[in-house]
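Reproduced below: structure-v6.pdb, with PDB, C-alpha atoms, pLDDT in the B column.
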```
ATOM      1  CA  MET F   1      30.999 -14.412   8.220  1.00 79.00           C
ATOM      2  CA  PRO F   2      28.948 -12.595   5.565  1.00 86.00           C
ATOM      3  CA  THR F   3      28.759 -13.793   1.988  1.00 94.00           C
ATOM      4  CA  TYR F   4      29.323 -11.197  -0.721  1.00 94.00           C
ATOM      5  CA  ILE F   5      28.099 -10.979  -4.299  1.00 94.00           C
ATOM      6  CA  LYS F   6      28.848  -8.745  -7.277  1.00 93.00           C
ATOM      7  CA  LYS F   7      26.614  -6.405  -9.272  1.00 92.00           C
ATOM      8  CA  ASP F   8      25.900  -8.906 -12.062  1.00 92.00           C
ATOM      9  CA  ALA F   9      24.688 -11.511  -9.579  1.00 94.00           C
ATOM     10  CA  ILE F  10      22.368  -8.924  -8.005  1.00 94.00           C
ATOM     11  CA  LYS F  11      20.953  -8.002 -11.409  1.00 93.00           C
ATOM     12  CA  ARG F  12      20.238 -11.687 -12.135  1.00 95.00           C
ATOM     13  CA  MET F  13      18.663 -12.197  -8.703  1.00 96.00           C
ATOM     14  CA  PHE F  14      16.344  -9.243  -9.146  1.00 96.00           C
ATOM     15  CA  LYS F  15      15.552 -10.180 -12.771  1.00 96.00           C
ATOM     16  CA  ASP F  16      14.561 -13.695 -11.619  1.00 95.00           C
ATOM     17  CA  ASN F  17      12.075 -12.028  -9.240  1.00 94.00           C
ATOM     18  CA  GLY F  18      10.444  -9.774 -11.840  1.00 93.00           C
ATOM     19  CA  PHE F  19      12.609  -6.642 -11.587  1.00 96.00           C
ATOM     20  CA  ASP F  20      14.437  -4.871 -14.408  1.00 95.00           C
ATOM     21  CA  LEU F  21      17.267  -2.439 -13.771  1.00 93.00           C
ATOM     22  CA  VAL F  22      16.657   0.894 -15.497  1.00 93.00           C
ATOM     23  CA  THR F  23      18.454   4.213 -15.546  1.00 89.00           C
ATOM     24  CA  ASN F  24      16.135   7.197 -15.285  1.00 82.00           C
ATOM     25  CA  GLU F  25      16.707  10.965 -15.126  1.00 81.00           C
ATOM     26  CA  THR F  26      18.000  10.921 -11.560  1.00 78.00           C
ATOM     27  CA  ASP F  27      19.575   7.531 -10.921  1.00 85.00           C
ATOM     28  CA  GLN F  28      19.122   3.798 -11.282  1.00 90.00           C
ATOM     29  CA  ALA F  29      15.983   1.953 -10.254  1.00 93.00           C
ATOM     30  CA  PHE F  30      14.610  -1.557 -10.232  1.00 95.00           C
ATOM     31  CA  VAL F  31      11.206  -1.694 -11.897  1.00 96.00           C
ATOM     32  CA  PHE F  32       8.742  -4.456 -11.092  1.00 97.00           C
ATOM     33  CA  ARG F  33       6.406  -5.314 -13.976  1.00 92.00           C
ATOM     34  CA  SER F  34       3.585  -7.824 -13.876  1.00 90.00           C
ATOM     35  CA  LYS F  35       1.632  -9.542 -16.624  1.00 87.00           C
ATOM     36  CA  SER F  36      -1.451  -7.532 -15.597  1.00 85.00           C
ATOM     37  CA  GLY F  37       0.214  -4.286 -16.688  1.00 88.00           C
ATOM     38  CA  PHE F  38       1.149  -3.116 -13.206  1.00 94.00           C
ATOM     39  CA  SER F  39       4.596  -1.601 -12.707  1.00 95.00           C
ATOM     40  CA  MET F  40       6.337  -0.080  -9.707  1.00 96.00           C
ATOM     41  CA  GLU F  41       9.710   1.627  -9.535  1.00 95.00           C
ATOM     42  CA  PHE F  42      12.169   1.349  -6.652  1.00 95.00           C
ATOM     43  CA  PRO F  43      15.115   3.773  -6.628  1.00 92.00           C
ATOM     44  CA  VAL F  44      18.347   2.015  -5.659  1.00 90.00           C
ATOM     45  CA  LYS F  45      20.876   4.603  -4.570  1.00 87.00           C
ATOM     46  CA  TRP F  46      22.881   1.850  -2.845  1.00 87.00           C
ATOM     47  CA  PHE F  47      23.483   0.102  -6.174  1.00 86.00           C
ATOM     48  CA  ASP F  48      26.376   2.022  -7.708  1.00 79.00           C
ATOM     49  CA  GLY F  49      28.163   1.693 -11.034  1.00 71.00           C
ATOM     50  CA  ASN F  50      31.202  -0.109  -9.635  1.00 79.00           C
ATOM     51  CA  ALA F  51      31.097  -3.645 -11.094  1.00 79.00           C
ATOM     52  CA  ASP F  52      33.835  -4.843  -8.711  1.00 86.00           C
ATOM     53  CA  ARG F  53      32.106  -3.743  -5.513  1.00 90.00           C
ATOM     54  CA  ASP F  54      31.043  -6.460  -3.083  1.00 93.00           C
ATOM     55  CA  TYR F  55      27.509  -6.436  -1.688  1.00 94.00           C
ATOM     56  CA  ASP F  56      26.406  -8.318   1.415  1.00 95.00           C
ATOM     57  CA  LEU F  57      24.155 -11.126   0.158  1.00 96.00           C
ATOM     58  CA  ALA F  58      21.969 -11.162   3.300  1.00 96.00           C
ATOM     59  CA  GLN F  59      21.298  -7.433   3.012  1.00 95.00           C
ATOM     60  CA  VAL F  60      20.548  -7.715  -0.715  1.00 95.00           C
ATOM     61  CA  ARG F  61      18.101 -10.576  -0.068  1.00 96.00           C
ATOM     62  CA  HIS F  62      16.447  -8.539   2.682  1.00 97.00           C
ATOM     63  CA  VAL F  63      15.972  -5.584   0.326  1.00 96.00           C
ATOM     64  CA  LEU F  64      14.703  -7.856  -2.459  1.00 97.00           C
ATOM     65  CA  ASN F  65      12.170  -9.498  -0.109  1.00 97.00           C
ATOM     66  CA  LYS F  66      10.857  -6.128   1.079  1.00 97.00           C
ATOM     67  CA  MET F  67      10.630  -4.781  -2.477  1.00 97.00           C
ATOM     68  CA  THR F  68       8.863  -7.929  -3.708  1.00 96.00           C
ATOM     69  CA  ALA F  69       6.350  -7.859  -0.840  1.00 96.00           C
ATOM     70  CA  SER F  70       5.634  -4.179  -1.438  1.00 96.00           C
ATOM     71  CA  ALA F  71       5.224  -4.687  -5.184  1.00 96.00           C
ATOM     72  CA  LYS F  72       2.903  -7.675  -4.697  1.00 94.00           C
ATOM     73  CA  GLU F  73       0.753  -5.705  -2.232  1.00 95.00           C
ATOM     74  CA  GLU F  74       0.494  -2.747  -4.609  1.00 96.00           C
ATOM     75  CA  GLU F  75      -0.198  -5.103  -7.526  1.00 96.00           C
ATOM     76  CA  ALA F  76      -3.106  -6.636  -5.570  1.00 96.00           C
ATOM     77  CA  ILE F  77      -4.534  -3.141  -4.992  1.00 96.00           C
ATOM     78  CA  TYR F  78      -4.076  -2.339  -8.703  1.00 96.00           C
ATOM     79  CA  SER F  79      -5.836  -5.583  -9.710  1.00 95.00           C
ATOM     80  CA  PHE F  80      -8.678  -4.814  -7.303  1.00 96.00           C
ATOM     81  CA  MET F  81      -9.071  -1.355  -8.841  1.00 96.00           C
ATOM     82  CA  GLU F  82      -9.180  -2.899 -12.324  1.00 95.00           C
ATOM     83  CA  ASN F  83     -12.042  -5.195 -11.259  1.00 96.00           C
ATOM     84  CA  LYS F  84     -15.236  -3.268 -12.056  1.00 97.00           C
ATOM     85  CA  GLN F  85     -17.439  -5.576  -9.969  1.00 97.00           C
ATOM     86  CA  LYS F  86     -15.312  -5.148  -6.831  1.00 97.00           C
ATOM     87  CA  MET F  87     -15.078  -1.387  -7.303  1.00 97.00           C
ATOM     88  CA  THR F  88     -18.854  -1.122  -7.812  1.00 97.00           C
ATOM     89  CA  GLU F  89     -19.385  -3.071  -4.583  1.00 97.00           C
ATOM     90  CA  LEU F  90     -16.936  -0.825  -2.694  1.00 98.00           C
ATOM     91  CA  PHE F  91     -18.464   2.434  -3.966  1.00 98.00           C
ATOM     92  CA  LYS F  92     -21.990   1.210  -3.235  1.00 98.00           C
ATOM     93  CA  ALA F  93     -20.984   0.345   0.343  1.00 97.00           C
ATOM     94  CA  ALA F  94     -19.295   3.745   0.730  1.00 97.00           C
ATOM     95  CA  LYS F  95     -22.365   5.565  -0.570  1.00 96.00           C
ATOM     96  CA  ASP F  96     -24.657   3.528   1.704  1.00 96.00           C
ATOM     97  CA  TYR F  97     -22.416   4.487   4.634  1.00 96.00           C
ATOM     98  CA  GLY F  98     -22.731   8.166   3.757  1.00 94.00           C
ATOM     99  CA  LEU F  99     -19.275   8.726   2.331  1.00 95.00           C
ATOM    100  CA  SER F 100     -18.597  11.058  -0.545  1.00 94.00           C
ATOM    101  CA  TYR F 101     -15.672  10.512  -2.894  1.00 96.00           C
ATOM    102  CA  ASP F 102     -13.085  13.017  -4.062  1.00 94.00           C
ATOM    103  CA  GLU F 103     -11.991  11.736  -7.472  1.00 95.00           C
ATOM    104  CA  LYS F 104      -8.978  14.054  -7.666  1.00 96.00           C
ATOM    105  CA  GLU F 105      -7.578  13.004  -4.278  1.00 95.00           C
ATOM    106  CA  LYS F 106      -8.866   9.414  -4.564  1.00 96.00           C
ATOM    107  CA  MET F 107     -10.266   9.723  -1.070  1.00 96.00           C
ATOM    108  CA  PHE F 108     -13.501   8.896   0.728  1.00 96.00           C
ATOM    109  CA  ILE F 109     -14.831  11.684   2.968  1.00 95.00           C
ATOM    110  CA  TYR F 110     -17.232  11.310   5.871  1.00 94.00           C
ATOM    111  CA  LYS F 111     -19.027  14.321   7.310  1.00 89.00           C
ATOM    112  CA  LYS F 112     -21.607  14.342  10.094  1.00 80.00           C
ATOM    113  CA  ALA F 113     -23.928  16.297   7.791  1.00 75.00           C
ATOM    114  CA  LYS F 114     -23.617  16.989   4.079  1.00 73.00           C
ATOM    115  CA  THR F 115     -23.426  20.720   4.792  1.00 75.00           C
ATOM    116  CA  SER F 116     -20.604  20.330   7.364  1.00 77.00           C
ATOM    117  CA  LYS F 117     -17.372  22.061   6.445  1.00 82.00           C
ATOM    118  CA  ASN F 118     -15.120  19.646   8.333  1.00 86.00           C
ATOM    119  CA  ALA F 119     -14.815  15.951   7.697  1.00 89.00           C
ATOM    120  CA  LEU F 120     -15.049  13.557  10.628  1.00 88.00           C
ATOM    121  CA  PHE F 121     -12.664  11.250   8.791  1.00 92.00           C
ATOM    122  CA  VAL F 122     -11.140  10.641   5.394  1.00 94.00           C
ATOM    123  CA  ALA F 123      -9.840   7.413   3.932  1.00 94.00           C
ATOM    124  CA  GLU F 124      -7.699   6.998   0.861  1.00 96.00           C
ATOM    125  CA  LEU F 125      -9.105   4.579  -1.689  1.00 97.00           C
ATOM    126  CA  ASP F 126      -6.018   2.371  -1.668  1.00 95.00           C
ATOM    127  CA  PHE F 127      -6.068   2.229   2.164  1.00 96.00           C
ATOM    128  CA  VAL F 128      -9.647   0.901   2.164  1.00 97.00           C
ATOM    129  CA  ILE F 129      -8.787  -1.612  -0.546  1.00 97.00           C
ATOM    130  CA  ALA F 130      -5.660  -2.743   1.321  1.00 97.00           C
ATOM    131  CA  ALA F 131      -7.699  -3.251   4.508  1.00 96.00           C
ATOM    132  CA  ARG F 132     -10.217  -5.345   2.606  1.00 97.00           C
ATOM    133  CA  LEU F 133      -7.507  -7.393   0.867  1.00 97.00           C
ATOM    134  CA  LYS F 134      -5.751  -8.103   4.183  1.00 96.00           C
ATOM    135  CA  SER F 135      -9.009  -9.286   5.726  1.00 95.00           C
ATOM    136  CA  GLU F 136      -9.666 -11.495   2.666  1.00 95.00           C
ATOM    137  CA  LYS F 137      -6.194 -12.975   3.003  1.00 94.00           C
ATOM    138  CA  LEU F 138      -6.709 -13.712   6.705  1.00 94.00           C
ATOM    139  CA  ALA F 139     -10.089 -15.288   5.922  1.00 94.00           C
ATOM    140  CA  SER F 140      -8.467 -17.524   3.313  1.00 94.00           C
ATOM    141  CA  LEU F 141      -5.988 -18.742   5.942  1.00 95.00           C
ATOM    142  CA  ASP F 142      -8.582 -19.335   8.663  1.00 94.00           C
ATOM    143  CA  LYS F 143     -11.949 -20.749   7.615  1.00 91.00           C
ATOM    144  CA  ASN F 144     -13.499 -19.419  10.862  1.00 93.00           C
ATOM    145  CA  LEU F 145     -12.916 -15.858   9.675  1.00 93.00           C
ATOM    146  CA  LYS F 146     -14.834 -13.931   7.038  1.00 94.00           C
ATOM    147  CA  PRO F 147     -13.531 -10.886   5.142  1.00 94.00           C
ATOM    148  CA  LEU F 148     -14.391  -7.626   6.872  1.00 94.00           C
ATOM    149  CA  PRO F 149     -17.444  -5.984   5.353  1.00 96.00           C
ATOM    150  CA  TYR F 150     -16.748  -2.459   4.143  1.00 97.00           C
ATOM    151  CA  LYS F 151     -19.136  -1.131   6.792  1.00 96.00           C
ATOM    152  CA  GLU F 152     -16.865  -2.531   9.521  1.00 96.00           C
ATOM    153  CA  ILE F 153     -13.809  -0.945   7.896  1.00 96.00           C
ATOM    154  CA  PHE F 154     -15.609   2.400   7.785  1.00 96.00           C
ATOM    155  CA  ASP F 155     -16.848   1.933  11.375  1.00 96.00           C
ATOM    156  CA  GLU F 156     -13.247   1.386  12.522  1.00 95.00           C
ATOM    157  CA  LEU F 157     -12.083   4.519  10.720  1.00 94.00           C
ATOM    158  CA  LYS F 158     -14.937   6.534  12.209  1.00 93.00           C
ATOM    159  CA  GLU F 159     -14.301   5.226  15.726  1.00 94.00           C
ATOM    160  CA  SER F 160     -10.583   5.913  15.430  1.00 93.00           C
ATOM    161  CA  ALA F 161     -11.263   9.476  14.237  1.00 89.00           C
ATOM    162  CA  GLU F 162     -13.673  10.063  17.124  1.00 89.00           C
ATOM    163  CA  GLN F 163     -11.109   8.771  19.643  1.00 91.00           C
ATOM    164  CA  ASP F 164      -8.404  10.972  18.104  1.00 89.00           C
ATOM    165  CA  LYS F 165     -10.725  13.978  18.343  1.00 85.00           C
ATOM    166  CA  LYS F 166     -11.459  13.241  22.029  1.00 86.00           C
ATOM    167  CA  ALA F 167      -7.746  12.839  22.790  1.00 87.00           C
ATOM    168  CA  GLN F 168      -6.959  16.098  20.976  1.00 84.00           C
ATOM    169  CA  THR F 169      -9.701  17.945  22.856  1.00 83.00           C
ATOM    170  CA  LYS F 170      -8.421  16.547  26.157  1.00 82.00           C
ATOM    171  CA  GLN F 171      -4.852  17.652  25.357  1.00 82.00           C
ATOM    172  CA  GLU F 172      -6.051  21.127  24.425  1.00 80.00           C
ATOM    173  CA  LYS F 173      -7.971  21.436  27.737  1.00 80.00           C
ATOM    174  CA  GLU F 174      -4.965  20.226  29.725  1.00 79.00           C
ATOM    175  CA  GLY F 175      -2.682  22.647  27.881  1.00 69.00           C
ATOM    176  CA  LYS F 176      -4.716  25.710  28.851  1.00 58.00           C
TER     177      LYS F 176
END
```
Take the structure in this file and express it as structure tokens.
Amino acid sequence: MPTYIKKDAIKRMFKDNGFDLVTNETDQAFVFRSKSGFSMEFPVKWFDGNADRDYDLAQVRHVLNKMTASAKEEEAIYSFMENKQKMTELFKAAKDYGLSYDEKEKMFIYKKAKTSKNALFVAELDFVIAARLKSEKLASLDKNLKPLPYKEIFDELKESAEQDKKAQTKQEKEGK
């Protein structure tokens, strides 16, 4: 049989995990704030104004765990971006690989030739950082593993794009 909790207990639970309940222009949201200055907002349409409503504790914990994991992952990316040494290393590796960077879109772009109109692949900055952070985490758990070099991350993206292009070409030929 499920256990139920009230709104005040949910607020305390989220507060204990680094979330503040705020009311913005559209609705309520829980905002995660870290000591590093990172913040992330999670809209909570399911959390209504009825103080007497019962909420399923297991479902609330599930949501809290997902929100916390997401916030911690984004905070790690934010911290990486704030680290000038790590960003310099990343941008040097990207340049050495032949990637250009679109500052506005925060995206790496790889073209076969600099004069090519079409990109072979693109990679968002935060995607590349997340891939690197995940490989660093795995390496910290298993001493036999080393973090993926950026070149290997870019190689994977390039290979995936080439395979997608081949599959698309094959589908187009079969469709005619």
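Nearest residue to Ala58 (chain F) among F:Asn24, F:Ser135, F:Asn144, F:Thr3 is F:Thr3, counting all atoms listed in the file.
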Exercise for the section: Excluding Asp52 (chain F) and residues on its chain fewer than 3 positions from it, collect all residues at most 10 Å away from it, counting all atoms listed in the file, and give them as a ChimeraX atom specification. Expected result: /F:5-8,49,55
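Distance annotation: of F:Glu103, F:Ala93, F:Asp27, F:Leu120, the residue with the minimal separation from Lys166 (chain F) is F:Leu120; atom set is all atoms listed in the file.
Of the listed residues F:Leu99, F:Ala29, F:Val128, F:Met40, the one whose atoms come nearest to Tyr150 (chain F) is F:Val128, with distances taken using only C-alpha atoms.
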Practice task
Apply the PyMOL selection byres ((chain F and resi 157) around 10) to the file shown and report the selected residues as a list in words.
Solution key: Tyr110, Leu120, Phe121, Val122, Ala123, Val128, Lys151, Glu152, Ile153, Phe154, Asp155, Glu156, Lys158, Glu159, Ser160, Ala161, Glu162 and Gln163 of chain F
Would you write out those residues with C-alpha atoms, as a PDB file, in the coordinates of the input?
```pdb
ATOM      1  CA  TYR F 110     -17.232  11.310   5.871  1.00 94.00           C
ATOM      2  CA  LEU F 120     -15.049  13.557  10.628  1.00 88.00           C
ATOM      3  CA  PHE F 121     -12.664  11.250   8.791  1.00 92.00           C
ATOM      4  CA  VAL F 122     -11.140  10.641   5.394  1.00 94.00           C
ATOM      5  CA  ALA F 123      -9.840   7.413   3.932  1.00 94.00           C
ATOM      6  CA  VAL F 128      -9.647   0.901   2.164  1.00 97.00           C
ATOM      7  CA  LYS F 151     -19.136  -1.131   6.792  1.00 96.00           C
ATOM      8  CA  GLU F 152     -16.865  -2.531   9.521  1.00 96.00           C
ATOM      9  CA  ILE F 153     -13.809  -0.945   7.896  1.00 96.00           C
ATOM     10  CA  PHE F 154     -15.609   2.400   7.785  1.00 96.00           C
ATOM     11  CA  ASP F 155     -16.848   1.933  11.375  1.00 96.00           C
ATOM     12  CA  GLU F 156     -13.247   1.386  12.522  1.00 95.00           C
ATOM     13  CA  LYS F 158     -14.937   6.534  12.209  1.00 93.00           C
ATOM     14  CA  GLU F 159     -14.301   5.226  15.726  1.00 94.00           C
ATOM     15  CA  SER F 160     -10.583   5.913  15.430  1.00 93.00           C
ATOM     16  CA  ALA F 161     -11.263   9.476  14.237  1.00 89.00           C
ATOM     17  CA  GLU F 162     -13.673  10.063  17.124  1.00 89.00           C
ATOM     18  CA  GLN F 163     -11.109   8.771  19.643  1.00 91.00           C
TER      19      GLN F 163
END
```
Practice task
Excluding Ser39 (chain F) and residues on its chain fewer than 2 positions from it, collect all residues at most 12 Å away from it, counting only C-alpha atoms, and give them as a ChimeraX atom specification.
Solution key: /F:18-20,30-37,41-42,68,70-76,78-79
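For the atom pair formed by CA of Pro147 (chain F) and CA of Phe91 (chain F), the distance is 16.9 Å, given to one decimal.
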Problem - Shortest interatomic distance to Lys11 (chain F) - which of F:Gln59, F:Lys95, F:Glu124, F:Leu64, counting all atoms listed in the file - result: F:Leu64
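CA of Lys143 (chain F) sits 21.0 Å away from CA of Ile129 (chain F).
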So that all listed atoms of region 126-139 of chain F fit with 6 Å spare on each side, what axis-aligned box centre and edge lengths in Å, to one decimal, would you give as AutoDock Vina command-line options?
```
--center_x -7.9 --center_y -6.5 --center_z 2.5 --size_x 16.6 --size_y 29.7 --size_z 20.4
```
